[in-house]
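Trainee: Enclosed is the structure file model-v3.pdb (PDB, C-alpha atoms).
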```
MODEL        1
ATOM      1  CA  MET A   3       0.000   0.000   0.000
ATOM      2  CA  ASP A   4       1.494   3.324  -1.022
ATOM      3  CA  ILE A   5       1.163   6.772   0.541
ATOM      4  CA  LEU A   6      -1.614   7.859  -1.862
ATOM      5  CA  ASP A   7      -3.752   4.875  -0.866
ATOM      6  CA  ILE A   8      -3.266   5.742   2.793
ATOM      7  CA  LYS A   9      -4.080   9.401   2.122
ATOM      8  CA  ASN A  10      -7.337   8.499   0.346
ATOM      9  CA  ILE A  11      -8.414   6.089   3.066
ATOM     10  CA  VAL A  12      -7.784   8.669   5.797
ATOM     11  CA  LYS A  13      -9.562  11.361   3.757
ATOM     12  CA  ASP A  14     -12.684   9.183   3.593
ATOM     13  CA  LEU A  15     -12.794   8.457   7.345
ATOM     14  CA  PRO A  16     -15.546  10.174   9.335
ATOM     15  CA  GLU A  17     -14.246  13.111  11.401
ATOM     16  CA  ARG A  18     -15.529  11.567  14.613
ATOM     17  CA  GLU A  19     -13.526   8.409  13.979
ATOM     18  CA  VAL A  20     -10.376  10.389  13.176
ATOM     19  CA  ARG A  21     -10.726  12.358  16.424
ATOM     20  CA  SER A  22     -11.196   9.135  18.353
ATOM     21  CA  TYR A  23      -8.003   7.636  16.906
ATOM     22  CA  LEU A  24      -6.085  10.842  17.561
ATOM     23  CA  GLN A  25      -7.277  10.948  21.169
ATOM     24  CA  PHE A  26      -6.267   7.313  21.635
ATOM     25  CA  ILE A  27      -2.788   7.963  20.200
ATOM     26  CA  LEU A  28      -2.262  11.052  22.367
ATOM     27  CA  TYR A  29      -3.380   9.138  25.461
ATOM     28  CA  ARG A  30      -0.933   6.332  24.653
ATOM     29  CA  ILE A  31       1.890   8.849  24.174
ATOM     30  CA  ALA A  32       1.081  10.358  27.583
ATOM     31  CA  LEU A  33       1.243   6.896  29.151
ATOM     32  CA  LEU A  34       4.555   6.277  27.414
ATOM     33  CA  GLU A  35       6.007   9.528  28.749
ATOM     34  CA  GLU A  36       4.819   8.707  32.264
ATOM     35  CA  LYS A  37       6.531   5.305  31.970
ATOM     36  CA  GLU A  38       3.203   3.527  32.509
ATOM     37  CA  ASN A  39       3.418   1.990  29.054
ATOM     38  CA  SER A  40       6.365   0.381  27.301
ATOM     39  CA  LEU A  41       7.527   1.261  23.817
ATOM     40  CA  VAL A  42       6.590  -2.256  22.722
ATOM     41  CA  GLU A  43       2.979  -1.782  23.925
ATOM     42  CA  PHE A  44       2.839   1.615  22.225
ATOM     43  CA  ALA A  45       4.059   0.138  18.938
ATOM     44  CA  LYS A  46       1.512  -2.682  19.261
ATOM     45  CA  ASP A  47      -1.297  -0.141  19.802
ATOM     46  CA  LEU A  48      -0.227   1.918  16.771
ATOM     47  CA  LYS A  49      -0.081  -1.212  14.618
ATOM     48  CA  GLU A  50      -3.609  -2.108  15.788
ATOM     49  CA  ILE A  51      -4.902   1.333  14.748
ATOM     50  CA  PHE A  52      -3.033   1.029  11.440
ATOM     51  CA  ASN A  53      -4.743  -2.295  10.720
ATOM     52  CA  LYS A  54      -8.193  -1.064  11.796
ATOM     53  CA  ILE A  55      -7.994   1.938   9.483
ATOM     54  CA  LEU A  56      -6.351   0.403   6.447
ATOM     55  CA  TYR A  57      -7.809  -3.103   6.642
ATOM     56  CA  PRO A  58     -11.249  -2.765   8.251
ATOM     57  CA  LYS A  59     -13.156  -5.936   8.974
ATOM     58  CA  ILE A  60     -16.315  -6.448   6.999
ATOM     59  CA  THR A  61     -19.184  -5.640   9.322
ATOM     60  CA  ASP A  62     -22.774  -6.697   9.267
ATOM     61  CA  PRO A  63     -24.366  -5.143   6.171
ATOM     62  CA  ASP A  64     -27.464  -4.344   8.232
ATOM     63  CA  PRO A  65     -26.189  -2.398  11.273
ATOM     64  CA  TYR A  66     -29.699  -1.861  12.650
ATOM     65  CA  GLY A  67     -30.545  -5.523  13.032
ATOM     66  CA  LYS A  68     -32.611  -7.596  10.705
ATOM     67  CA  SER A  69     -33.567  -6.097   7.385
ATOM     68  CA  ASN A  70     -36.915  -7.805   6.956
ATOM     69  CA  TYR A  71     -39.135  -5.369   8.819
ATOM     70  CA  LYS A  72     -42.882  -5.647   8.277
ATOM     71  CA  LYS A  73     -43.333  -1.863   8.308
ATOM     72  CA  ILE A  74     -41.161   1.227   8.289
ATOM     73  CA  HIS A  75     -42.465   4.371   9.968
ATOM     74  CA  ILE A  76     -41.152   7.772   8.933
ATOM     75  CA  GLN A  77     -41.796  10.326  11.627
ATOM     76  CA  PHE A  78     -41.059  14.045  11.887
ATOM     77  CA  GLY A  79     -40.327  15.588  15.262
ATOM     78  CA  TYR A  80     -39.844  13.679  18.501
ATOM     79  CA  PRO A  81     -40.078   9.874  17.976
ATOM     80  CA  TYR A  82     -43.292   9.246  19.953
ATOM     81  CA  LEU A  83     -44.004   5.953  18.190
ATOM     82  CA  ARG A  84     -41.137   4.095  19.835
ATOM     83  CA  GLN A  85     -42.768   3.539  23.231
ATOM     84  CA  PRO A  86     -46.180   2.332  21.970
ATOM     85  CA  LEU A  87     -44.510  -0.068  19.540
ATOM     86  CA  LYS A  88     -42.261  -1.328  22.331
ATOM     87  CA  GLU A  89     -45.277  -1.886  24.613
ATOM     88  CA  LEU A  90     -47.028  -3.820  21.850
ATOM     89  CA  ASN A  91     -43.891  -5.963  21.369
ATOM     90  CA  ILE A  92     -43.672  -5.060  17.680
ATOM     91  CA  LEU A  93     -40.717  -2.660  17.803
ATOM     92  CA  GLU A  94     -38.461  -5.369  16.369
ATOM     93  CA  GLU A  95     -40.861  -5.907  13.475
ATOM     94  CA  GLU A  96     -41.364  -2.245  12.642
ATOM     95  CA  PHE A  97     -38.579   0.232  11.988
ATOM     96  CA  ILE A  98     -38.810   3.944  12.839
ATOM     97  CA  ILE A  99     -36.918   6.700  11.063
ATOM     98  CA  ALA A 100     -37.320   9.983  12.954
ATOM     99  CA  PHE A 101     -36.585  13.296  11.248
ATOM    100  CA  HIS A 102     -36.098  16.640  12.922
ATOM    101  CA  GLU A 103     -39.025  19.019  12.557
ATOM    102  CA  ASN A 104     -37.210  21.242  10.074
ATOM    103  CA  TRP A 105     -36.314  18.263   7.814
ATOM    104  CA  ASN A 106     -32.602  19.105   7.736
ATOM    105  CA  LYS A 107     -31.325  15.699   8.735
ATOM    106  CA  PRO A 108     -32.417  12.548  10.566
ATOM    107  CA  ILE A 109     -32.451  12.773  14.368
ATOM    108  CA  ASP A 110     -32.211   9.095  14.956
ATOM    109  CA  LEU A 111     -32.634   5.708  13.416
ATOM    110  CA  ILE A 112     -34.586   3.636  15.904
ATOM    111  CA  GLY A 113     -35.092  -0.039  15.340
TER
ENDMDL
END
```
Can you dump the structure from the file as structure tokens?
Mentor:
Amino acid sequence: MDILDIKNIVKDLPEREVRSYLQFILYRIALLEEKENSLVEFAKDLKEIFNKILYPKITDPDPYGKSNYKKIHIQFGYPYLRQPLKELNILEEEFIIAFHENWNKPIDLIG
């Protein structure tokens, strides 16, 4: 893998994930400086991050559970449907997508 491949992979990472990795690395450096971590452990941790970023494991294609829902509810505003569906024991059969009132972006994916 060359430097351009690495650059493109890092460019496509979500900002939240990048911040998480950076925080982890900085924390490990602090432990190394305080002599609470060995250089070998630090190198092992960096190699683990390297492998997670560049060679991610294939995850479940349906991150919200099963994909054979009987119904999908699209709701705007606060997701009031969740509790009644949970009480009726059909929350796992029916998927709720809740949008913010001003339609800018989804608030939550509830399944």
Trainee: Go ahead and fit an axis-aligned box to every listed atom of range 35-53 of chain A plus 8 Å each side, and pass me the centre and edge lengths in Å, one decimal, as AutoDock Vina command-line options.
Mentor:
```
--center_x 1.3 --center_y 3.4 --center_z 21.6 --size_x 28.4 --size_y 28.2 --size_z 37.8
```
Trainee: Between A:Ile76, A:Ala100, A:Ser40, A:Met3, which one has atoms that come closest to Asn53 in chain A, using all atoms listed in the file?
Mentor: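 Checking each of A:Ile76, A:Ala100, A:Ser40, A:Met3 against Asn53 in chain A, counting all atoms listed in the file, the winner is A:Met3.
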Trainee: Between CA of Ile31 in chain A and CA of Ile60 in chain A, what is the distance in Å, rounded to a tenth?
Mentor: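 So the two atoms, CA of Ile31 in chain A and CA of Ile60 in chain A, lie 29.3 Å apart.
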Trainee: When you look at Lys73 in chain A with a cut-off of 10 Å (counting all atoms listed in the file), what residues show up, excluding the ones that are within fewer than 4 positions of it in the same chain? I need them as a list in words.
Mentor: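 Once the adjacent positions are removed, what remains is Ile92, Leu93, Glu95, Glu96, Phe97 and Ile98 of chain A.
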Trainee: Can I get the selection written as a PDB file, in the coordinates of the input, with C-alpha atoms?
Mentor:
```pdb
ATOM      1  CA  ILE A  92     -43.672  -5.060  17.680  1.00  0.00           C
ATOM      2  CA  LEU A  93     -40.717  -2.660  17.803  1.00  0.00           C
ATOM      3  CA  GLU A  95     -40.861  -5.907  13.475  1.00  0.00           C
ATOM      4  CA  GLU A  96     -41.364  -2.245  12.642  1.00  0.00           C
ATOM      5  CA  PHE A  97     -38.579   0.232  11.988  1.00  0.00           C
ATOM      6  CA  ILE A  98     -38.810   3.944  12.839  1.00  0.00           C
TER       7      ILE A  98
END
```
Trainee: Given the file shown, determine the residues that the PyMOL selection byres ((chain A and resi 11-16) around 12) selects; report them as an MDAnalysis selection string.
Mentor: chainID A and resid 3:10 17:23 51:58
Trainee: So how far away is CA of Lys59 in chain A from CA of Val42 in chain A, in Å?
Mentor: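 CA of Lys59 in chain A lies at a distance of 24.3 Å from CA of Val42 in chain A.
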Trainee: So, with all atoms listed in the file as the atoms that count, which of A:Ile27, A:Ile99, A:Leu33, A:Leu87 lies closest to Asp47 in chain A?
Mentor: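 Of the candidates, the smallest distance to Asp47 in chain A is held by A:Ile27.
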Trainee: Please compute the CA of Arg30 in chain A-CA of Lys49 in chain A distance, one decimal, in Å.
Mentor: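 Computing it gives 12.6 Å between the two atoms.
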Trainee: Complete the atom set of range 37-48 of chain A to all heavy atoms and return it as a CSV table (one decimal), in the coordinates of the input.
Mentor:
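Result file follows (selection14.csv):
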```csv
chain,number,residue,atom,x,y,z
A,37,LYS,N,5.9,6.6,31.7
A,37,LYS,CA,6.5,5.3,32.0
A,37,LYS,C,5.5,4.3,32.4
A,37,LYS,O,5.9,3.3,33.1
A,37,LYS,CB,7.7,5.4,33.0
A,37,LYS,CG,8.7,6.4,32.7
A,37,LYS,CD,9.7,5.9,31.7
A,37,LYS,CE,10.9,6.9,31.7
A,37,LYS,NZ,11.0,7.5,30.4
A,38,GLU,N,4.2,4.5,32.2
A,38,GLU,CA,3.2,3.5,32.5
A,38,GLU,C,3.0,2.5,31.4
A,38,GLU,O,2.2,1.6,31.5
A,38,GLU,CB,1.9,4.2,32.9
A,38,GLU,CG,2.0,5.0,34.1
A,38,GLU,CD,0.7,5.7,34.5
A,38,GLU,OE1,-0.4,5.1,34.1
A,38,GLU,OE2,0.7,6.7,35.1
A,39,ASN,N,3.6,2.8,30.2
A,39,ASN,CA,3.4,2.0,29.1
A,39,ASN,C,4.8,1.8,28.4
A,39,ASN,O,5.6,2.7,28.4
A,39,ASN,CB,2.5,2.7,28.0
A,39,ASN,CG,1.5,1.8,27.4
A,39,ASN,OD1,1.5,0.6,27.7
A,39,ASN,ND2,0.6,2.3,26.6
A,40,SER,N,5.1,0.6,27.9
A,40,SER,CA,6.4,0.4,27.3
A,40,SER,C,6.3,0.8,25.8
A,40,SER,O,5.2,0.9,25.2
A,40,SER,CB,6.8,-1.1,27.4
A,40,SER,OG,5.9,-1.9,26.6
A,41,LEU,N,7.4,0.9,25.2
A,41,LEU,CA,7.5,1.3,23.8
A,41,LEU,C,7.0,0.1,23.0
A,41,LEU,O,6.3,0.4,21.9
A,41,LEU,CB,9.0,1.6,23.4
A,41,LEU,CG,9.2,2.2,22.1
A,41,LEU,CD1,8.4,3.5,22.0
A,41,LEU,CD2,10.7,2.5,21.9
A,42,VAL,N,7.1,-1.1,23.4
A,42,VAL,CA,6.6,-2.3,22.7
A,42,VAL,C,5.1,-2.2,22.7
A,42,VAL,O,4.4,-2.4,21.7
A,42,VAL,CB,7.1,-3.6,23.4
A,42,VAL,CG1,6.4,-4.8,22.8
A,42,VAL,CG2,8.6,-3.7,23.2
A,43,GLU,N,4.4,-1.9,23.9
A,43,GLU,CA,3.0,-1.8,23.9
A,43,GLU,C,2.5,-0.6,23.0
A,43,GLU,O,1.4,-0.8,22.4
A,43,GLU,CB,2.5,-1.6,25.4
A,43,GLU,CG,2.7,-2.8,26.3
A,43,GLU,CD,2.4,-2.5,27.7
A,43,GLU,OE1,2.6,-1.3,28.1
A,43,GLU,OE2,2.0,-3.4,28.4
A,44,PHE,N,3.2,0.5,23.1
A,44,PHE,CA,2.8,1.6,22.2
A,44,PHE,C,2.9,1.2,20.7
A,44,PHE,O,1.9,1.5,20.0
A,44,PHE,CB,3.8,2.8,22.5
A,44,PHE,CG,3.5,4.0,21.7
A,44,PHE,CD1,2.3,4.7,21.9
A,44,PHE,CD2,4.3,4.4,20.7
A,44,PHE,CE1,2.0,5.9,21.2
A,44,PHE,CE2,4.1,5.6,20.0
A,44,PHE,CZ,2.9,6.3,20.2
A,45,ALA,N,3.9,0.6,20.3
A,45,ALA,CA,4.1,0.1,18.9
A,45,ALA,C,2.9,-0.8,18.6
A,45,ALA,O,2.4,-0.8,17.5
A,45,ALA,CB,5.4,-0.5,18.7
A,46,LYS,N,2.6,-1.7,19.5
A,46,LYS,CA,1.5,-2.7,19.3
A,46,LYS,C,0.2,-1.9,19.1
A,46,LYS,O,-0.6,-2.3,18.2
A,46,LYS,CB,1.4,-3.7,20.4
A,46,LYS,CG,0.4,-4.8,20.2
A,46,LYS,CD,0.3,-5.6,21.5
A,46,LYS,CE,-0.8,-5.0,22.2
A,46,LYS,NZ,-1.5,-5.3,23.3
A,47,ASP,N,-0.1,-0.9,19.9
A,47,ASP,CA,-1.3,-0.1,19.8
A,47,ASP,C,-1.4,0.6,18.5
A,47,ASP,O,-2.4,0.7,17.8
A,47,ASP,CB,-1.4,0.8,21.0
A,47,ASP,CG,-1.7,0.2,22.3
A,47,ASP,OD1,-2.1,-1.0,22.3
A,47,ASP,OD2,-1.4,0.8,23.3
A,48,LEU,N,-0.3,1.2,18.0
A,48,LEU,CA,-0.2,1.9,16.8
A,48,LEU,C,-0.5,1.0,15.6
A,48,LEU,O,-1.2,1.3,14.6
A,48,LEU,CB,1.1,2.6,16.6
A,48,LEU,CG,1.3,3.9,17.4
A,48,LEU,CD1,2.7,4.5,17.1
A,48,LEU,CD2,0.2,4.9,17.2
```
